[in-house]
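Only one structure is covered here, and it is reproduced in the block below.
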Amino acid sequence: MSHSVELTNVGMTFGATRAVGDVSFAVEAGEFFSILGPSGCGKTTILRMIAGFLQPTEGRIAIGGRDMSGLGPNQRPTAMIFQSLALFPLMPVWENIAFGLEARGASKAERRAKADDLLKLIALEGFGDRMPGELSGGQRQRVAIARALAVEPQVLLLDEPLSALDLKLRQHMRAELRALQKRTGVTFIYITHDQSEALAMSDRVAVMSAGVLQQVGAPRDLYESPRTPFVASFVGETNAISGTVVEVSDTVATIDTAHGRMSGRSGEGLKSGGTARLYVRPEALVPGLDVENRLTATIERSDFEGAFALLHGRLADGSPLVASVGNTALAEAPGPGESAAFGFETRHAVVLADG
Amino acid sequence: MASLVERFGGGLATILIGLVAVWLVAMVLAPNLMMIDYALRPNLPPAAIGGPDDVYSLDNITYLAQESVHRTIFFKTVWASALVALATFVVCYPLAFWLAQNATPNQTAVVLIALTVPFWINEVLRTLAWYILLAFRGPLNALLLSVGIIDEPVRWYGNGGVLAGMIYAYILFMLFPIYNSIESLDKSQLEAARDLGASTLRIHRRIVIPHAKAGIATGCVFTFMLAAGSYVAPALLGAPGSRWFTEIIYNWFFEGGDWNRGAAYALVLLVLCLLVVLLALRIARVNLADVAK
């Protein structure tokens, strides 16, 4: 498959602020690609550079193999879905959807036909003559998508479009977006600060922090094999135990911590004697598991979440520890006030050098 | 009214309502009723007022209908006022758009102060400034001559001078309503339209102007009414060929000594202006309540 969107050493500086620095990644055609990061990490800046609202101060952006330097948003094969959706409130739904075609000089009959086709695609047949204000949040969302798809873009850019919806609707729209993307085959680049959204929908996710690209990978890769401390702690919940590296091999690293010696899979750049942290997910901590890697904590409280419960405890040095216990094993799990030992497999933990 | 009593107590509420009533009756209602009364009576020597000849009739108004010079000036005033409103709109719209959507807060402050400061000076003096600028041997002609745009001085007084003076005088009445209405337009709508491939012209025609319609209508109504009732600009910057209807009304009052006919002329101007405004709002599908906001 060819690269749909390719960023090469892209940087953006506003005055004295460096919003994005030296970012390179390639998005494949037909891929659902997310950019995940906390607010202010530069993800929206990247999206706006791809859309053409901003010109990068360094590097280049190519779409479909064509260099986009100097081209405005109306000259690029992209369409954007705004956080606010930005539907035109004074135009009926069908005119909203057909606005891009209107700008291209299509006849009224042509526009109406295309709008009706797209309304069918988003399951809003017969809504063409309503005003956007008369639609529900989810319906408006779908109209915004249809409006962007009407211009047949190579790439659809989505700027946190689900953030204004309530939880149930958001989960429903996730599935719908994903299905729509598969059906149309359009490349989606999706911006979000919500990691569960990114993990659930995307083929691949790029994690950003402070304008720097941290890691690009499939959702499972990011979760199971984070390469930087930021990714390890931002994507999913984790426990971080700091210590000193005593032994490193290609696959396994062992560190000395305040709670004893423990090992995990080794990350890049580890040196014997250097400081590092071991990251272990709550669900990898098994109460009473008798293995080499063990942590003892006093349980403070247990948060029941339905399918599982989160046990919040403190280690001997006072640092917090979170373990997740599946519903079926809850009966044997330690309760608040008890001291419990948790074991975890070496392959379920990662050791990363402090960055 | 009940809420006024609740908030201020019976005594204060009565005083406030009383003051508003006095203002409405004495300053608005009474003068207009007196004007209508004057307009419908004949102009008589003091001794004959209240006598057998002092009867109501439409003579003063039919006089205007029959007097072709006055009639021509009347209609010219109406359409020229519409032209002033249009020209002021053309001047203000780009500035209002820039101020509302693109300018930094500092730029907005500087421009608004620069536009407002001249209005601290009396309208007559401001118009006199234009009188000086546009003089036959004045700075504008001197500048254009020295740059070589014109070969001999232009007589600006007349239609051109009146138009320039009025646009200048009413710029704020047009600018602020449009600025306010464009400011409430979500910037992402402009970006969405641009992203979908719309040209600048289409963005304004389809997104900005429909959004700002009430503001534009308000600005145009203000400017039209002010222009139609303007006296200083045509008196100072006009020429015999560019007489304004208000000048004729003035002449009836202060030179012709015929207050009745002057009042009739003023009444006709008022009624016609109201009709034009209501018609324009109907065509633009803006209701009066939106304009009042």
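Here, A, B, ... name the chains of the structure tokens in the order displayed, residue numbers run from 1 inside each chain, and ligands are numbered from 1 in the same displayed order.
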
Chain B residues near chain A (8 Å cut-off, only C-alpha atoms) as a PyMOL selection string: chain B and resi 186+188-189+191-199+202+207+210-211

Write out the residues from the selection above, keeping all heavy atoms, as a short mmCIF file (atom, residue, chain, number, x, y, z; two decimals), in the first residue's frame.
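The result, stored in result-v5.cif:
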```cif
data_model
loop_
_atom_site.label_atom_id
_atom_site.label_comp_id
_atom_site.auth_asym_id
_atom_site.auth_seq_id
_atom_site.Cartn_x
_atom_site.Cartn_y
_atom_site.Cartn_z
N ASP B 186 -18.59 31.84 14.60
CA ASP B 186 -17.56 30.89 14.99
C ASP B 186 -16.53 30.76 13.86
O ASP B 186 -16.87 30.45 12.73
CB ASP B 186 -18.24 29.54 15.26
CG ASP B 186 -17.25 28.47 15.65
OD1 ASP B 186 -16.07 28.80 15.86
OD2 ASP B 186 -17.67 27.30 15.74
N SER B 188 -14.47 28.59 13.16
CA SER B 188 -14.34 27.29 12.50
C SER B 188 -15.32 27.14 11.34
O SER B 188 -15.09 26.34 10.44
CB SER B 188 -14.52 26.15 13.51
OG SER B 188 -15.80 26.20 14.05
N GLN B 189 -16.39 27.95 11.33
CA GLN B 189 -17.29 27.90 10.17
C GLN B 189 -16.60 28.44 8.92
O GLN B 189 -16.79 27.91 7.83
CB GLN B 189 -18.54 28.73 10.45
CG GLN B 189 -19.41 28.06 11.46
CD GLN B 189 -20.85 28.49 11.32
OE1 GLN B 189 -21.24 29.10 10.35
NE2 GLN B 189 -21.63 28.15 12.30
N GLU B 191 -13.39 28.38 8.49
CA GLU B 191 -12.36 27.39 8.13
C GLU B 191 -13.00 26.19 7.44
O GLU B 191 -12.45 25.67 6.46
CB GLU B 191 -11.61 26.95 9.39
CG GLU B 191 -10.75 28.06 9.96
CD GLU B 191 -9.91 27.59 11.14
OE1 GLU B 191 -10.30 26.61 11.79
OE2 GLU B 191 -8.86 28.21 11.38
N ALA B 192 -14.17 25.76 7.95
CA ALA B 192 -14.84 24.63 7.33
C ALA B 192 -15.19 24.95 5.88
O ALA B 192 -14.97 24.14 4.98
CB ALA B 192 -16.09 24.26 8.12
N ALA B 193 -15.71 26.16 5.66
CA ALA B 193 -16.09 26.54 4.30
C ALA B 193 -14.85 26.58 3.39
O ALA B 193 -14.87 26.08 2.26
CB ALA B 193 -16.79 27.89 4.31
N ARG B 194 -13.79 27.14 3.91
CA ARG B 194 -12.54 27.21 3.15
C ARG B 194 -12.03 25.80 2.86
O ARG B 194 -11.63 25.48 1.75
CB ARG B 194 -11.51 28.02 3.97
CG ARG B 194 -10.09 27.94 3.51
CD ARG B 194 -9.78 28.80 2.33
NE ARG B 194 -10.00 30.22 2.62
CZ ARG B 194 -10.18 31.14 1.67
NH1 ARG B 194 -10.14 30.83 0.41
NH2 ARG B 194 -10.39 32.40 2.01
N ASP B 195 -12.10 24.94 3.86
CA ASP B 195 -11.61 23.57 3.74
C ASP B 195 -12.40 22.80 2.69
O ASP B 195 -11.88 21.93 2.01
CB ASP B 195 -11.72 22.88 5.11
CG ASP B 195 -11.03 21.53 5.13
OD1 ASP B 195 -9.86 21.48 4.71
OD2 ASP B 195 -11.64 20.55 5.55
N LEU B 196 -13.69 23.14 2.56
CA LEU B 196 -14.53 22.45 1.57
C LEU B 196 -14.35 23.04 0.18
O LEU B 196 -15.02 22.64 -0.76
CB LEU B 196 -16.00 22.53 1.99
CG LEU B 196 -16.34 21.71 3.25
CD1 LEU B 196 -17.71 22.08 3.77
CD2 LEU B 196 -16.27 20.22 2.95
N GLY B 197 -13.44 24.01 0.06
CA GLY B 197 -13.07 24.51 -1.26
C GLY B 197 -13.73 25.81 -1.66
O GLY B 197 -13.61 26.23 -2.81
N ALA B 198 -14.44 26.48 -0.75
CA ALA B 198 -15.15 27.69 -1.12
C ALA B 198 -14.18 28.87 -1.32
O ALA B 198 -13.21 29.00 -0.59
CB ALA B 198 -16.17 28.05 -0.05
N SER B 199 -14.49 29.71 -2.32
CA SER B 199 -13.69 30.91 -2.54
C SER B 199 -14.05 31.95 -1.47
O SER B 199 -15.07 31.83 -0.79
CB SER B 199 -13.99 31.48 -3.92
OG SER B 199 -15.36 31.82 -3.99
N ARG B 202 -17.48 33.35 -1.99
CA ARG B 202 -18.57 32.45 -1.60
C ARG B 202 -18.69 32.37 -0.08
O ARG B 202 -19.79 32.31 0.46
CB ARG B 202 -18.34 31.05 -2.18
CG ARG B 202 -19.53 30.11 -1.96
CD ARG B 202 -19.31 28.75 -2.55
NE ARG B 202 -19.10 28.79 -3.98
CZ ARG B 202 -20.09 28.81 -4.88
NH1 ARG B 202 -21.33 28.79 -4.47
NH2 ARG B 202 -19.83 28.87 -6.17
N ILE B 207 -21.85 32.41 4.06
CA ILE B 207 -21.67 32.19 5.50
C ILE B 207 -21.72 33.50 6.29
O ILE B 207 -22.53 33.66 7.19
CB ILE B 207 -20.31 31.49 5.79
CG1 ILE B 207 -20.09 30.30 4.85
CG2 ILE B 207 -20.22 31.10 7.26
CD1 ILE B 207 -20.99 29.14 5.06
N PRO B 210 -25.10 36.07 5.53
CA PRO B 210 -26.33 35.58 6.17
C PRO B 210 -26.27 35.63 7.70
O PRO B 210 -27.26 35.96 8.36
CB PRO B 210 -26.43 34.12 5.69
CG PRO B 210 -25.68 34.10 4.42
CD PRO B 210 -24.56 35.10 4.57
N HIS B 211 -25.10 35.32 8.25
CA HIS B 211 -24.96 35.36 9.71
C HIS B 211 -25.11 36.78 10.24
O HIS B 211 -25.71 37.01 11.29
CB HIS B 211 -23.61 34.78 10.12
CG HIS B 211 -23.33 34.87 11.59
ND1 HIS B 211 -23.77 33.90 12.47
CD2 HIS B 211 -22.72 35.81 12.34
CE1 HIS B 211 -23.42 34.25 13.69
NE2 HIS B 211 -22.78 35.40 13.64
#
```

Range 239-253 of chain A surroundings by only C-alpha atoms, 7 Å radius, close-in-sequence under 6 positions cut, as a PyMOL selection string: chain A and resi 263-266+271-282+321-322+351

Gap from CA of Pro226 in chain A to CA of Met262 in chain A - Å, one decimal: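 Rounded to one decimal, the two atoms are 18.3 Å apart.
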
Contacts of Asp67 in chain A within 12 Å, only C-alpha atoms, excl. fewer than 2 positions in-chain, as a list of chain:residue names: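 Contacts, with the query itself left out: A:Ser4, A:Val5, A:Glu6, A:Leu7, A:Thr8, A:Ile50, A:Gly52, A:Gly59, A:Arg60, A:Ile61, A:Ala62, A:Ile63, A:Gly64, A:Gly65, A:Ser69, A:Gly70, A:Leu71, A:Gln75, A:Arg76, A:Pro77.
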
Among listed residues B:Ile178, B:Gly257, B:Thr246, B:Val286, nearest Pro45 in chain B (using only C-alpha atoms): B:Gly257

Straight-line distance linking CA of Leu157 in chain A with CA of Phe32 in chain A, stated in Å to one decimal: 10.3 Å

Members of range 25-152 of chain B assigned helix (DSSP H, G or I) by DSSP, as a PyMOL selection string: chain B and resi 25-39+46-48+59-66+68-102+105-120+123-133+139-147

Counting only C-alpha atoms, the option among B:Trp23, B:Phe253, B:Phe8, B:Phe97 closest to Ser181 in chain B: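 Smallest separation from Ser181 in chain B among the options: B:Phe97.
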
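Pairwise distance (CA of Asp117 in chain A, CA of Ala198 in chain A) equals 29.1 Å.
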
Polymer residues at most 10 Å from Phe344 in chain A, only C-alpha atoms, same-chain spacing of 2 or more positions, as a list of chain:residue names: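 The residues satisfying every condition are A:Met262, A:Ser263, A:Gly264, A:Val280, A:Arg281, A:Pro282, A:Glu283, A:Ala284, A:Leu285, A:Val286, A:Pro287, A:Gly288, A:Leu289, A:Asp290, A:Val291, A:Glu292, A:Asn293, A:Arg294, A:Leu295, A:Phe342, A:Thr346, A:Arg347, A:His348, A:Ala349.
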
Grab the residues selected above and save them as a CSV table (one decimal), in the first residue's frame with N, CA, C and O atoms.
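Wrote it out as result15.csv, contents follow:
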```csv
chain,number,residue,atom,x,y,z
A,262,MET,N,13.8,-7.1,40.8
A,262,MET,CA,12.8,-7.6,39.9
A,262,MET,C,13.2,-7.4,38.5
A,262,MET,O,14.0,-6.5,38.1
A,263,SER,N,12.6,-8.2,37.5
A,263,SER,CA,13.0,-8.0,36.1
A,263,SER,C,11.7,-7.9,35.2
A,263,SER,O,10.6,-8.3,35.6
A,264,GLY,N,12.0,-7.3,34.1
A,264,GLY,CA,11.0,-7.2,33.1
A,264,GLY,C,11.7,-7.2,31.7
A,264,GLY,O,12.9,-7.3,31.6
A,280,VAL,N,4.6,-2.0,35.4
A,280,VAL,CA,3.8,-3.2,35.4
A,280,VAL,C,2.3,-2.8,35.5
A,280,VAL,O,1.9,-1.9,36.3
A,281,ARG,N,1.5,-3.3,34.6
A,281,ARG,CA,0.1,-3.0,34.5
A,281,ARG,C,-0.7,-3.6,35.7
A,281,ARG,O,-0.4,-4.6,36.2
A,282,PRO,N,-1.8,-2.9,36.1
A,282,PRO,CA,-2.6,-3.4,37.3
A,282,PRO,C,-3.0,-4.9,37.0
A,282,PRO,O,-3.1,-5.6,38.0
A,283,GLU,N,-3.4,-5.2,35.8
A,283,GLU,CA,-4.0,-6.5,35.6
A,283,GLU,C,-2.9,-7.6,35.5
A,283,GLU,O,-3.2,-8.8,35.6
A,284,ALA,N,-1.6,-7.2,35.5
A,284,ALA,CA,-0.5,-8.2,35.5
A,284,ALA,C,-0.1,-8.6,37.0
A,284,ALA,O,0.5,-9.6,37.2
A,285,LEU,N,-0.6,-7.8,37.9
A,285,LEU,CA,-0.3,-8.1,39.3
A,285,LEU,C,-1.4,-9.1,39.9
A,285,LEU,O,-2.6,-8.8,39.9
A,286,VAL,N,-0.9,-10.2,40.2
A,286,VAL,CA,-1.8,-11.3,40.7
A,286,VAL,C,-1.6,-11.5,42.2
A,286,VAL,O,-0.4,-11.8,42.6
A,287,PRO,N,-2.6,-11.4,43.0
A,287,PRO,CA,-2.4,-11.6,44.4
A,287,PRO,C,-2.0,-13.0,44.7
A,287,PRO,O,-2.5,-14.0,44.2
A,288,GLY,N,-0.9,-13.2,45.5
A,288,GLY,CA,-0.5,-14.5,45.9
A,288,GLY,C,0.3,-15.3,44.9
A,288,GLY,O,0.7,-16.4,45.2
A,289,LEU,N,0.6,-14.7,43.7
A,289,LEU,CA,1.3,-15.5,42.7
A,289,LEU,C,2.7,-15.6,43.2
A,289,LEU,O,3.4,-14.6,43.5
A,290,ASP,N,3.2,-16.9,43.2
A,290,ASP,CA,4.5,-17.1,43.8
A,290,ASP,C,5.6,-17.2,42.7
A,290,ASP,O,5.9,-18.2,42.1
A,291,VAL,N,6.1,-16.0,42.3
A,291,VAL,CA,7.2,-15.9,41.3
A,291,VAL,C,8.3,-15.0,41.9
A,291,VAL,O,8.2,-14.5,43.0
A,292,GLU,N,9.3,-14.8,41.1
A,292,GLU,CA,10.5,-14.0,41.6
A,292,GLU,C,10.1,-12.6,41.8
A,292,GLU,O,10.5,-11.9,42.7
A,293,ASN,N,9.3,-12.0,40.8
A,293,ASN,CA,8.9,-10.6,40.9
A,293,ASN,C,7.8,-10.5,41.9
A,293,ASN,O,6.6,-11.0,41.6
A,294,ARG,N,8.0,-9.8,43.1
A,294,ARG,CA,6.9,-9.7,44.0
A,294,ARG,C,6.9,-8.4,44.7
A,294,ARG,O,8.0,-7.7,44.9
A,295,LEU,N,5.7,-7.8,44.9
A,295,LEU,CA,5.5,-6.6,45.6
A,295,LEU,C,4.5,-6.7,46.7
A,295,LEU,O,3.5,-7.4,46.5
A,342,PHE,N,1.8,-9.4,45.8
A,342,PHE,CA,1.4,-9.5,44.4
A,342,PHE,C,2.6,-10.0,43.6
A,342,PHE,O,3.7,-9.5,43.8
A,346,THR,N,7.7,-11.9,34.4
A,346,THR,CA,8.7,-11.0,33.8
A,346,THR,C,8.3,-10.4,32.5
A,346,THR,O,8.4,-9.3,32.1
A,347,ARG,N,7.6,-11.3,31.7
A,347,ARG,CA,7.2,-10.9,30.3
A,347,ARG,C,6.0,-9.9,30.4
A,347,ARG,O,5.7,-9.3,29.4
A,348,HIS,N,5.4,-9.7,31.6
A,348,HIS,CA,4.3,-8.7,31.7
A,348,HIS,C,4.8,-7.4,32.2
A,348,HIS,O,4.0,-6.5,32.5
A,349,ALA,N,6.1,-7.2,32.4
A,349,ALA,CA,6.6,-5.9,32.9
A,349,ALA,C,7.7,-5.4,31.9
A,349,ALA,O,8.2,-6.2,31.1
```

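Non-sequential neighbours of Arg126 in chain B (distance at most 12 Å, separation of 2 or more positions within a chain, only C-alpha atoms) are Val117, Pro118, Phe119, Trp120, Ile121, Asn122, Glu123, Val124, Leu128, Ala129, Trp130, Tyr131, Ile132, Leu133, Ala164, Gly165, Met166, Tyr168, Ala169, Tyr170, Val232, Ala233, Leu236 and Leu237 of chain B.
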
Could you write out the selected residues, including C-alpha atoms, as a PDB file, in the first residue's frame?
```
ATOM      1  CA  VAL B 117     -11.739  60.046  18.678  1.00  0.00           C
ATOM      2  CA  PRO B 118     -12.971  62.293  15.815  1.00  0.00           C
ATOM      3  CA  PHE B 119     -16.502  61.855  17.145  1.00  0.00           C
ATOM      4  CA  TRP B 120     -15.566  63.741  20.290  1.00  0.00           C
ATOM      5  CA  ILE B 121     -15.692  66.833  18.090  1.00  0.00           C
ATOM      6  CA  ASN B 122     -18.927  68.490  17.065  1.00  0.00           C
ATOM      7  CA  GLU B 123     -20.487  67.241  13.823  1.00  0.00           C
ATOM      8  CA  VAL B 124     -20.402  70.717  12.272  1.00  0.00           C
ATOM      9  CA  LEU B 128     -16.009  71.755   8.170  1.00  0.00           C
ATOM     10  CA  ALA B 129     -12.827  69.677   8.104  1.00  0.00           C
ATOM     11  CA  TRP B 130     -14.135  67.963   4.978  1.00  0.00           C
ATOM     12  CA  TYR B 131     -15.079  71.407   3.649  1.00  0.00           C
ATOM     13  CA  ILE B 132     -11.423  72.390   3.927  1.00  0.00           C
ATOM     14  CA  LEU B 133     -10.098  69.091   2.544  1.00  0.00           C
ATOM     15  CA  ALA B 164     -18.014  61.621   1.353  1.00  0.00           C
ATOM     16  CA  GLY B 165     -19.168  63.778   4.279  1.00  0.00           C
ATOM     17  CA  MET B 166     -22.067  61.483   5.088  1.00  0.00           C
ATOM     18  CA  TYR B 168     -17.618  59.730   7.229  1.00  0.00           C
ATOM     19  CA  ALA B 169     -20.288  61.005   9.601  1.00  0.00           C
ATOM     20  CA  TYR B 170     -22.171  57.697   9.836  1.00  0.00           C
ATOM     21  CA  VAL B 232     -24.963  69.798   7.929  1.00  0.00           C
ATOM     22  CA  ALA B 233     -23.262  67.738   5.215  1.00  0.00           C
ATOM     23  CA  LEU B 236     -21.675  72.682   3.774  1.00  0.00           C
ATOM     24  CA  LEU B 237     -20.458  70.216   1.173  1.00  0.00           C
TER      25      LEU B 237
END
```

Polymer residues at most 12 Å from Pro240 in chain B, only C-alpha atoms, same-chain spacing of 5 or more positions, as a list of chain:residue names: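 Contacts, with the query itself left out: B:Ile73, B:Tyr157, B:Gly158, B:Asn159, B:Val162, B:Pro234, B:Ala235, B:Glu247, B:Ile248.
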
For Leu36 in chain A, the nearest of the candidates A:Ala19, A:Met49, A:Leu121, A:Val216, counting only C-alpha atoms: A:Val216

Nearest to Leu269 in chain B, chosen from B:Phe254, B:Tyr38, B:Tyr179, B:Phe75, with only C-alpha atoms counted in the distances: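 Once distances to Leu269 in chain B are computed over only C-alpha atoms, the minimum belongs to B:Phe75.
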
Counting only C-alpha atoms, the option among A:Gly260, A:Gly335, A:Gly343, A:Gly30 closest to Asp303 in chain A: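 Once distances to Asp303 in chain A are computed over only C-alpha atoms, the minimum belongs to A:Gly335.
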
From B:Ala227, B:Val271, B:Ile149, B:Ala284, residue lying nearest Trp244 in chain B [only C-alpha atoms]: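 Result for the nearest residue to Trp244 in chain B: B:Ala227.
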